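Participant: Just one file: entry-v9.cif, with mmCIF, N, CA and C atoms.
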data_start
loop_
_atom_site.group_PDB
_atom_site.id
_atom_site.type_symbol
_atom_site.label_atom_id
_atom_site.label_comp_id
_atom_site.auth_asym_id
_atom_site.auth_seq_id
_atom_site.Cartn_x
_atom_site.Cartn_y
_atom_site.Cartn_z
ATOM 1 N N MET A 1277 79.628 131.986 77.402
ATOM 2 C CA MET A 1277 80.804 132.145 78.237
ATOM 3 C C MET A 1277 80.580 131.523 79.610
ATOM 4 N N ALA A 1278 79.375 131.751 80.187
ATOM 5 C CA ALA A 1278 79.072 131.198 81.510
ATOM 6 C C ALA A 1278 79.037 129.682 81.467
ATOM 7 N N ILE A 1279 78.539 129.139 80.364
ATOM 8 C CA ILE A 1279 78.493 127.678 80.227
ATOM 9 C C ILE A 1279 79.908 127.124 80.165
ATOM 10 N N ARG A 1280 80.777 127.777 79.447
ATOM 11 C CA ARG A 1280 82.177 127.349 79.330
ATOM 12 C C ARG A 1280 82.869 127.376 80.699
ATOM 13 N N MET A 1281 82.688 128.474 81.443
ATOM 14 C CA MET A 1281 83.297 128.594 82.766
ATOM 15 C C MET A 1281 82.753 127.532 83.706
ATOM 16 N N SER A 1282 81.449 127.281 83.628
ATOM 17 C CA SER A 1282 80.840 126.251 84.465
ATOM 18 C C SER A 1282 81.437 124.888 84.144
ATOM 19 N N ARG A 1283 81.617 124.609 82.859
ATOM 20 C CA ARG A 1283 82.198 123.335 82.432
ATOM 21 C C ARG A 1283 83.647 123.211 82.906
ATOM 22 N N VAL A 1284 84.405 124.295 82.829
ATOM 23 C CA VAL A 1284 85.795 124.277 83.275
ATOM 24 C C VAL A 1284 85.856 124.048 84.781
ATOM 25 N N LEU A 1285 85.003 124.729 85.522
ATOM 26 C CA LEU A 1285 84.965 124.548 86.971
ATOM 27 C C LEU A 1285 84.605 123.110 87.336
ATOM 28 N N GLN A 1286 83.585 122.571 86.680
ATOM 29 C CA GLN A 1286 83.168 121.197 86.949
ATOM 30 C C GLN A 1286 84.284 120.221 86.584
ATOM 31 N N SER A 1287 84.923 120.425 85.456
ATOM 32 C CA SER A 1287 86.024 119.561 85.036
ATOM 33 C C SER A 1287 87.178 119.631 86.018
ATOM 34 N N SER A 1288 87.472 120.836 86.497
ATOM 35 C CA SER A 1288 88.568 121.003 87.459
ATOM 36 C C SER A 1288 88.286 120.249 88.748
ATOM 37 N N LYS A 1289 87.058 120.335 89.238
ATOM 38 C CA LYS A 1289 86.696 119.628 90.463
ATOM 39 C C LYS A 1289 86.782 118.116 90.267
ATOM 40 N N GLN A 1290 86.276 117.625 89.128
ATOM 41 C CA GLN A 1290 86.336 116.194 88.855
ATOM 42 C C GLN A 1290 87.773 115.734 88.712
ATOM 43 N N LEU A 1291 88.582 116.525 88.040
ATOM 44 C CA LEU A 1291 89.980 116.177 87.844
ATOM 45 C C LEU A 1291 90.711 116.122 89.174
ATOM 46 N N LEU A 1292 90.506 117.124 90.002
ATOM 47 C CA LEU A 1292 91.154 117.142 91.300
ATOM 48 C C LEU A 1292 90.738 115.926 92.125
ATOM 49 N N LYS A 1293 89.459 115.601 92.091
ATOM 50 C CA LYS A 1293 88.962 114.448 92.841
ATOM 51 C C LYS A 1293 89.555 113.153 92.312
ATOM 52 N N SER A 1294 89.642 113.011 90.997
ATOM 53 C CA SER A 1294 90.141 111.762 90.424
ATOM 54 C C SER A 1294 91.661 111.645 90.479
ATOM 55 N N LEU A 1295 92.365 112.770 90.422
ATOM 56 C CA LEU A 1295 93.822 112.719 90.413
ATOM 57 C C LEU A 1295 94.427 112.634 91.805
ATOM 58 N N SER A 1296 93.773 113.227 92.772
ATOM 59 C CA SER A 1296 94.346 113.350 94.101
ATOM 60 C C SER A 1296 93.972 112.160 94.971
ATOM 61 N N HIS A 1297 94.960 111.617 95.648
ATOM 62 C CA HIS A 1297 94.747 110.515 96.576
ATOM 63 C C HIS A 1297 95.525 110.820 97.846
ATOM 64 N N SER A 1298 94.884 110.614 98.989
ATOM 65 C CA SER A 1298 95.571 110.914 100.245
ATOM 66 C C SER A 1298 96.478 109.784 100.684
ATOM 67 N N SER A 1299 96.262 108.586 100.191
ATOM 68 C CA SER A 1299 97.065 107.435 100.605
ATOM 69 C C SER A 1299 98.026 107.041 99.491
ATOM 70 N N ASN A 1300 99.241 106.719 99.859
ATOM 71 C CA ASN A 1300 100.219 106.280 98.871
ATOM 72 C C ASN A 1300 100.059 104.805 98.536
ATOM 73 N N ASN A 1301 99.157 104.103 99.207
ATOM 74 C CA ASN A 1301 98.970 102.681 98.971
ATOM 75 C C ASN A 1301 97.893 102.384 97.946
ATOM 76 N N VAL A 1302 97.340 103.394 97.317
ATOM 77 C CA VAL A 1302 96.298 103.216 96.329
ATOM 78 C C VAL A 1302 96.922 102.659 95.051
ATOM 79 N N ASP A 1303 96.277 101.640 94.478
ATOM 80 C CA ASP A 1303 96.778 101.100 93.217
ATOM 81 C C ASP A 1303 96.660 102.139 92.118
ATOM 82 N N ILE A 1304 97.591 102.077 91.206
ATOM 83 C CA ILE A 1304 97.594 103.011 90.084
ATOM 84 C C ILE A 1304 96.767 102.386 88.966
ATOM 85 N N PRO A 1305 95.723 103.076 88.501
ATOM 86 C CA PRO A 1305 94.892 102.530 87.435
ATOM 87 C C PRO A 1305 95.683 102.349 86.140
ATOM 88 N N LYS A 1306 95.263 101.405 85.348
ATOM 89 C CA LYS A 1306 95.897 101.165 84.049
ATOM 90 C C LYS A 1306 95.836 102.448 83.219
ATOM 91 N N GLY A 1307 96.945 102.772 82.575
ATOM 92 C CA GLY A 1307 97.007 103.961 81.735
ATOM 93 C C GLY A 1307 97.321 105.235 82.491
ATOM 94 N N HIS A 1308 97.708 105.112 83.758
ATOM 95 C CA HIS A 1308 98.039 106.262 84.593
ATOM 96 C C HIS A 1308 99.407 106.065 85.227
ATOM 97 N N LEU A 1309 99.968 107.160 85.733
ATOM 98 C CA LEU A 1309 101.177 107.062 86.532
ATOM 99 C C LEU A 1309 101.052 108.017 87.702
ATOM 100 N N ALA A 1310 101.733 107.678 88.777
ATOM 101 C CA ALA A 1310 101.706 108.517 89.968
ATOM 102 C C ALA A 1310 102.829 109.535 89.894
ATOM 103 N N VAL A 1311 102.503 110.770 90.212
ATOM 104 C CA VAL A 1311 103.513 111.819 90.312
ATOM 105 C C VAL A 1311 103.330 112.522 91.644
ATOM 106 N N TYR A 1312 104.430 113.029 92.173
ATOM 107 C CA TYR A 1312 104.400 113.796 93.419
ATOM 108 C C TYR A 1312 104.635 115.246 93.063
ATOM 109 N N VAL A 1313 103.783 116.114 93.583
ATOM 110 C CA VAL A 1313 103.823 117.527 93.229
ATOM 111 C C VAL A 1313 103.848 118.364 94.502
ATOM 112 N N GLY A 1314 104.646 119.393 94.490
ATOM 113 C CA GLY A 1314 104.685 120.309 95.621
ATOM 114 C C GLY A 1314 106.095 120.792 95.865
ATOM 115 N N GLU A 1315 106.203 121.661 96.814
ATOM 116 C CA GLU A 1315 107.494 122.235 97.140
ATOM 117 C C GLU A 1315 107.967 121.729 98.497
ATOM 118 N N ARG A 1316 109.247 121.589 98.606
ATOM 119 C CA ARG A 1316 109.912 121.124 99.833
ATOM 120 C C ARG A 1316 109.340 119.779 100.272
ATOM 121 N N MET A 1317 108.954 119.682 101.530
ATOM 122 C CA MET A 1317 108.468 118.403 102.060
ATOM 123 C C MET A 1317 106.953 118.260 101.932
ATOM 124 N N GLN A 1318 106.281 119.264 101.439
ATOM 125 C CA GLN A 1318 104.825 119.238 101.288
ATOM 126 C C GLN A 1318 104.448 118.731 99.903
ATOM 127 N N LYS A 1319 104.618 117.451 99.666
ATOM 128 C CA LYS A 1319 104.317 116.886 98.357
ATOM 129 C C LYS A 1319 103.008 116.109 98.412
ATOM 130 N N ARG A 1320 102.272 116.153 97.321
ATOM 131 C CA ARG A 1320 100.986 115.478 97.215
ATOM 132 C C ARG A 1320 101.016 114.563 96.002
ATOM 133 N N ARG A 1321 100.417 113.406 96.130
ATOM 134 C CA ARG A 1321 100.419 112.410 95.054
ATOM 135 C C ARG A 1321 99.211 112.609 94.149
ATOM 136 N N PHE A 1322 99.456 112.573 92.824
ATOM 137 C CA PHE A 1322 98.409 112.679 91.826
ATOM 138 C C PHE A 1322 98.532 111.518 90.846
ATOM 139 N N MET A 1323 97.401 111.066 90.332
ATOM 140 C CA MET A 1323 97.378 110.067 89.267
ATOM 141 C C MET A 1323 97.173 110.821 87.958
ATOM 142 N N VAL A 1324 98.061 110.605 87.017
ATOM 143 C CA VAL A 1324 98.032 111.330 85.753
ATOM 144 C C VAL A 1324 97.875 110.334 84.603
ATOM 145 N N PRO A 1325 96.926 110.560 83.698
ATOM 146 C CA PRO A 1325 96.838 109.709 82.515
ATOM 147 C C PRO A 1325 98.128 109.810 81.706
ATOM 148 N N VAL A 1326 98.619 108.700 81.201
ATOM 149 C CA VAL A 1326 99.884 108.728 80.458
ATOM 150 C C VAL A 1326 99.782 109.585 79.197
ATOM 151 N N THR A 1327 98.580 109.809 78.705
ATOM 152 C CA THR A 1327 98.419 110.658 77.515
ATOM 153 C C THR A 1327 98.856 112.088 77.789
ATOM 154 N N TYR A 1328 98.846 112.523 79.056
ATOM 155 C CA TYR A 1328 99.291 113.874 79.400
ATOM 156 C C TYR A 1328 100.777 114.064 79.107
ATOM 157 N N LEU A 1329 101.537 112.993 79.102
ATOM 158 C CA LEU A 1329 102.987 113.095 78.940
ATOM 159 C C LEU A 1329 103.402 113.632 77.575
ATOM 160 N N SER A 1330 102.523 113.542 76.590
ATOM 161 C CA SER A 1330 102.868 114.059 75.265
ATOM 162 C C SER A 1330 102.545 115.544 75.120
ATOM 163 N N HIS A 1331 101.899 116.128 76.105
ATOM 164 C CA HIS A 1331 101.542 117.545 76.056
ATOM 165 C C HIS A 1331 102.784 118.394 76.326
ATOM 166 N N PRO A 1332 103.016 119.427 75.522
ATOM 167 C CA PRO A 1332 104.215 120.258 75.686
ATOM 168 C C PRO A 1332 104.402 120.843 77.089
ATOM 169 N N SER A 1333 103.326 121.230 77.754
ATOM 170 C CA SER A 1333 103.456 121.800 79.106
ATOM 171 C C SER A 1333 103.936 120.754 80.097
ATOM 172 N N PHE A 1334 103.445 119.527 79.965
ATOM 173 C CA PHE A 1334 103.906 118.460 80.856
ATOM 174 C C PHE A 1334 105.355 118.088 80.538
ATOM 175 N N GLN A 1335 105.710 118.110 79.270
ATOM 176 C CA GLN A 1335 107.093 117.812 78.900
ATOM 177 C C GLN A 1335 108.043 118.846 79.493
ATOM 178 N N LYS A 1336 107.599 120.098 79.541
ATOM 179 C CA LYS A 1336 108.415 121.153 80.151
ATOM 180 C C LYS A 1336 108.622 120.864 81.647
ATOM 181 N N LEU A 1337 107.545 120.427 82.330
ATOM 182 C CA LEU A 1337 107.667 120.064 83.744
ATOM 183 C C LEU A 1337 108.585 118.856 83.931
ATOM 184 N N LEU A 1338 108.513 117.903 83.015
ATOM 185 C CA LEU A 1338 109.382 116.723 83.106
ATOM 186 C C LEU A 1338 110.858 117.106 82.939
ATOM 187 N N ARG A 1339 111.141 118.024 82.028
ATOM 188 C CA ARG A 1339 112.521 118.499 81.862
ATOM 189 C C ARG A 1339 113.002 119.214 83.119
ATOM 190 N N LYS A 1340 112.108 119.998 83.725
ATOM 191 C CA LYS A 1340 112.454 120.698 84.965
ATOM 192 C C LYS A 1340 112.737 119.681 86.073
ATOM 193 N N ALA A 1341 111.941 118.610 86.139
ATOM 194 C CA ALA A 1341 112.157 117.551 87.137
ATOM 195 C C ALA A 1341 113.488 116.855 86.892
ATOM 196 N N GLU A 1342 113.812 116.616 85.620
ATOM 197 C CA GLU A 1342 115.085 115.969 85.291
ATOM 198 C C GLU A 1342 116.263 116.852 85.701
ATOM 199 N N GLU A 1343 116.154 118.162 85.442
ATOM 200 C CA GLU A 1343 117.225 119.081 85.824
ATOM 201 C C GLU A 1343 117.422 119.124 87.339
ATOM 202 N N GLU A 1344 116.315 119.101 88.063
ATOM 203 C CA GLU A 1344 116.402 119.236 89.520
ATOM 204 C C GLU A 1344 116.774 117.930 90.219
ATOM 205 N N PHE A 1345 116.205 116.821 89.776
ATOM 206 C CA PHE A 1345 116.379 115.555 90.482
ATOM 207 C C PHE A 1345 117.179 114.503 89.720
ATOM 208 N N GLY A 1346 117.348 114.681 88.413
ATOM 209 C CA GLY A 1346 117.972 113.620 87.625
ATOM 210 C C GLY A 1346 117.080 112.397 87.680
ATOM 211 N N PHE A 1347 117.668 111.253 87.993
ATOM 212 C CA PHE A 1347 116.873 110.036 88.102
ATOM 213 C C PHE A 1347 116.734 109.584 89.548
ATOM 214 N N GLU A 1348 117.114 110.442 90.479
ATOM 215 C CA GLU A 1348 117.015 110.157 91.913
ATOM 216 C C GLU A 1348 115.901 111.008 92.510
ATOM 217 N N HIS A 1349 114.689 110.509 92.471
ATOM 218 C CA HIS A 1349 113.556 111.262 92.990
ATOM 219 C C HIS A 1349 113.363 110.958 94.471
ATOM 220 N N PRO A 1350 113.273 111.994 95.306
ATOM 221 C CA PRO A 1350 113.225 111.812 96.760
ATOM 222 C C PRO A 1350 112.016 111.042 97.257
ATOM 223 N N MET A 1351 110.919 111.055 96.540
ATOM 224 C CA MET A 1351 109.711 110.374 96.995
ATOM 225 C C MET A 1351 109.653 108.930 96.505
ATOM 226 N N GLY A 1352 110.633 108.509 95.723
ATOM 227 C CA GLY A 1352 110.618 107.158 95.188
ATOM 228 C C GLY A 1352 109.825 107.050 93.897
ATOM 229 N N GLY A 1353 109.178 108.110 93.510
ATOM 230 C CA GLY A 1353 108.417 108.172 92.266
ATOM 231 C C GLY A 1353 108.730 109.473 91.564
ATOM 232 N N LEU A 1354 108.105 109.697 90.461
ATOM 233 C CA LEU A 1354 108.343 110.903 89.686
ATOM 234 C C LEU A 1354 107.895 112.127 90.479
ATOM 235 N N THR A 1355 108.817 113.038 90.718
ATOM 236 C CA THR A 1355 108.533 114.245 91.485
ATOM 237 C C THR A 1355 108.575 115.451 90.553
ATOM 238 N N ILE A 1356 107.475 116.208 90.536
ATOM 239 C CA ILE A 1356 107.377 117.399 89.698
ATOM 240 C C ILE A 1356 107.622 118.620 90.582
ATOM 241 N N PRO A 1357 108.671 119.405 90.303
ATOM 242 C CA PRO A 1357 109.002 120.559 91.146
ATOM 243 C C PRO A 1357 108.201 121.812 90.777
ATOM 244 N N CYS A 1358 106.948 121.840 91.182
ATOM 245 C CA CYS A 1358 106.132 123.036 91.012
ATOM 246 C C CYS A 1358 105.083 123.034 92.118
ATOM 247 N N THR A 1359 104.354 124.119 92.251
ATOM 248 C CA THR A 1359 103.319 124.174 93.275
ATOM 249 C C THR A 1359 102.127 123.321 92.847
ATOM 250 N N GLU A 1360 101.348 122.887 93.822
ATOM 251 C CA GLU A 1360 100.142 122.110 93.529
ATOM 252 C C GLU A 1360 99.202 122.902 92.643
ATOM 253 N N GLN A 1361 99.049 124.197 92.923
ATOM 254 C CA GLN A 1361 98.110 125.012 92.163
ATOM 255 C C GLN A 1361 98.493 125.091 90.690
ATOM 256 N N ILE A 1362 99.773 125.261 90.403
ATOM 257 C CA ILE A 1362 100.226 125.290 89.006
ATOM 258 C C ILE A 1362 99.921 123.968 88.333
ATOM 259 N N PHE A 1363 100.203 122.867 89.017
ATOM 260 C CA PHE A 1363 99.953 121.545 88.447
ATOM 261 C C PHE A 1363 98.466 121.317 88.200
ATOM 262 N N ILE A 1364 97.630 121.677 89.158
ATOM 263 C CA ILE A 1364 96.181 121.492 89.009
ATOM 264 C C ILE A 1364 95.651 122.347 87.866
ATOM 265 N N ASP A 1365 96.111 123.590 87.771
ATOM 266 C CA ASP A 1365 95.693 124.459 86.665
ATOM 267 C C ASP A 1365 96.089 123.859 85.323
ATOM 268 N N LEU A 1366 97.304 123.387 85.233
ATOM 269 C CA LEU A 1366 97.791 122.775 83.992
ATOM 270 C C LEU A 1366 96.979 121.534 83.643
ATOM 271 N N ALA A 1367 96.750 120.684 84.619
ATOM 272 C CA ALA A 1367 95.998 119.448 84.380
ATOM 273 C C ALA A 1367 94.551 119.737 84.009
ATOM 274 N N SER A 1368 93.943 120.739 84.624
ATOM 275 C CA SER A 1368 92.551 121.051 84.304
ATOM 276 C C SER A 1368 92.442 121.646 82.906
ATOM 277 N N ARG A 1369 93.418 122.435 82.501
ATOM 278 C CA ARG A 1369 93.421 122.958 81.127
ATOM 279 C C ARG A 1369 93.590 121.833 80.130
ATOM 280 N N ARG A 1370 94.417 120.868 80.463
ATOM 281 C CA ARG A 1370 94.642 119.727 79.576
ATOM 282 C C ARG A 1370 93.377 118.887 79.436
ATOM 283 N N SER A 1371 92.653 118.675 80.544
ATOM 284 C CA SER A 1371 91.459 117.833 80.491
ATOM 285 C C SER A 1371 90.306 118.512 79.760
ATOM 286 N N THR A 1372 90.247 119.841 79.738
ATOM 287 C CA THR A 1372 89.157 120.529 79.061
ATOM 288 C C THR A 1372 89.481 120.805 77.592
ATOM 289 N N SER A 1373 90.700 120.534 77.165
ATOM 290 C CA SER A 1373 91.067 120.826 75.775
ATOM 291 C C SER A 1373 90.676 119.693 74.826
ATOM 292 N N TRP A 1374 90.136 118.618 75.370
ATOM 293 C CA TRP A 1374 89.732 117.506 74.494
ATOM 294 C C TRP A 1374 88.372 117.692 73.965
#
Show this structure as structure tokens.
Facilitator:
Amino acid sequence: MAIRMSRVLQSSKQLLKSLSHSSNNVDIPKGHLAVYVGERMQKRRFMVPVTYLSHPSFQKLLRKAEEEFGFEHPMGGLTIPCTEQIFIDLASRRSTSW
């Protein structure tokens, strides 16, 4: 159990480091897309592997984004209407399920 938790913690830290970028001018790596996550004006940019888009939890977030923003996203890119913590938890669970 401790080994599993350690692996999840390490994966979460690596995922956060690789997904999060402070600058919007960073090139998007092949096979990834940029999404903006957060509430109100406090949005943060993350790089997400396109393979995440087929995961049911991400599809649920995409439907929520479509309901809230339609095709007019305020940041100019795909905006996910949830807290950063929810998104990071979801992404870390997705990365450890492989």
Participant: Written as JSON, numbers by chain, what is the full residue list that the PyMOL selection byres (((chain A and resi 1336-1338 and name CA) around 12) and name CA) yields on the file shown?
Facilitator: {"A": [1311, 1312, 1313, 1328, 1329, 1330, 1331, 1332, 1333, 1334, 1335, 1339, 1340, 1341, 1342, 1343, 1344, 1345, 1346, 1347, 1354, 1355, 1356, 1357, 1358, 1359, 1362, 1363, 1366, 1367]}
Participant: In Å, how far is it from atom CA of Thr1327 of chain A to atom CA of Gln1361 of chain A?
Facilitator: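 Interatomic distance here is 20.5 Å.
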Participant: Between A:Glu1360, A:Gln1318, A:Pro1325, A:Ser1368, which is the closest to Pro1305 of chain A once you count only C-alpha atoms?
Facilitator: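 Among A:Glu1360, A:Gln1318, A:Pro1325, A:Ser1368, it is A:Pro1325 that comes nearest to Pro1305 of chain A.
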Participant: Between atom CA of Glu1348 of chain A and atom CA of Arg1369 of chain A, what is the spacing in Å?
Facilitator: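 Separating atom CA of Arg1369 of chain A from atom CA of Glu1348 of chain A is a distance of 28.9 Å.
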Participant: Residues within 6.5 Å of Val1324 of chain A, please, as a list in words. Count only N, CA and C atoms; anything in the same chain fewer than 4 positions from it doesn't count.
Facilitator: Leu1295, Gly1307, His1308, Leu1309, Ala1310, Val1311 and Tyr1328 of chain A
Participant: Go ahead and save the picked residues with N, CA and C atoms, as a PDB file, keeping the file's coordinate frame.
Facilitator:
ATOM      1  N   LEU A1295      92.365 112.770  90.422  1.00  0.00           N
ATOM      2  CA  LEU A1295      93.822 112.719  90.413  1.00  0.00           C
ATOM      3  C   LEU A1295      94.427 112.634  91.805  1.00  0.00           C
ATOM      4  N   GLY A1307      96.945 102.772  82.575  1.00  0.00           N
ATOM      5  CA  GLY A1307      97.007 103.961  81.735  1.00  0.00           C
ATOM      6  C   GLY A1307      97.321 105.235  82.491  1.00  0.00           C
ATOM      7  N   HIS A1308      97.708 105.112  83.758  1.00  0.00           N
ATOM      8  CA  HIS A1308      98.039 106.262  84.593  1.00  0.00           C
ATOM      9  C   HIS A1308      99.407 106.065  85.227  1.00  0.00           C
ATOM     10  N   LEU A1309      99.968 107.160  85.733  1.00  0.00           N
ATOM     11  CA  LEU A1309     101.177 107.062  86.532  1.00  0.00           C
ATOM     12  C   LEU A1309     101.052 108.017  87.702  1.00  0.00           C
ATOM     13  N   ALA A1310     101.733 107.678  88.777  1.00  0.00           N
ATOM     14  CA  ALA A1310     101.706 108.517  89.968  1.00  0.00           C
ATOM     15  C   ALA A1310     102.829 109.535  89.894  1.00  0.00           C
ATOM     16  N   VAL A1311     102.503 110.770  90.212  1.00  0.00           N
ATOM     17  CA  VAL A1311     103.513 111.819  90.312  1.00  0.00           C
ATOM     18  C   VAL A1311     103.330 112.522  91.644  1.00  0.00           C
ATOM     19  N   TYR A1328      98.846 112.523  79.056  1.00  0.00           N
ATOM     20  CA  TYR A1328      99.291 113.874  79.400  1.00  0.00           C
ATOM     21  C   TYR A1328     100.777 114.064  79.107  1.00  0.00           C
TER      22      TYR A1328
END
Participant: Just the number, please: distance in Å from atom CA of Ile1304 of chain A to atom N of Met1323 of chain A, one decimal.
Facilitator: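 Straight-line distance from atom CA of Ile1304 of chain A to atom N of Met1323 of chain A works out to 8.1 Å.
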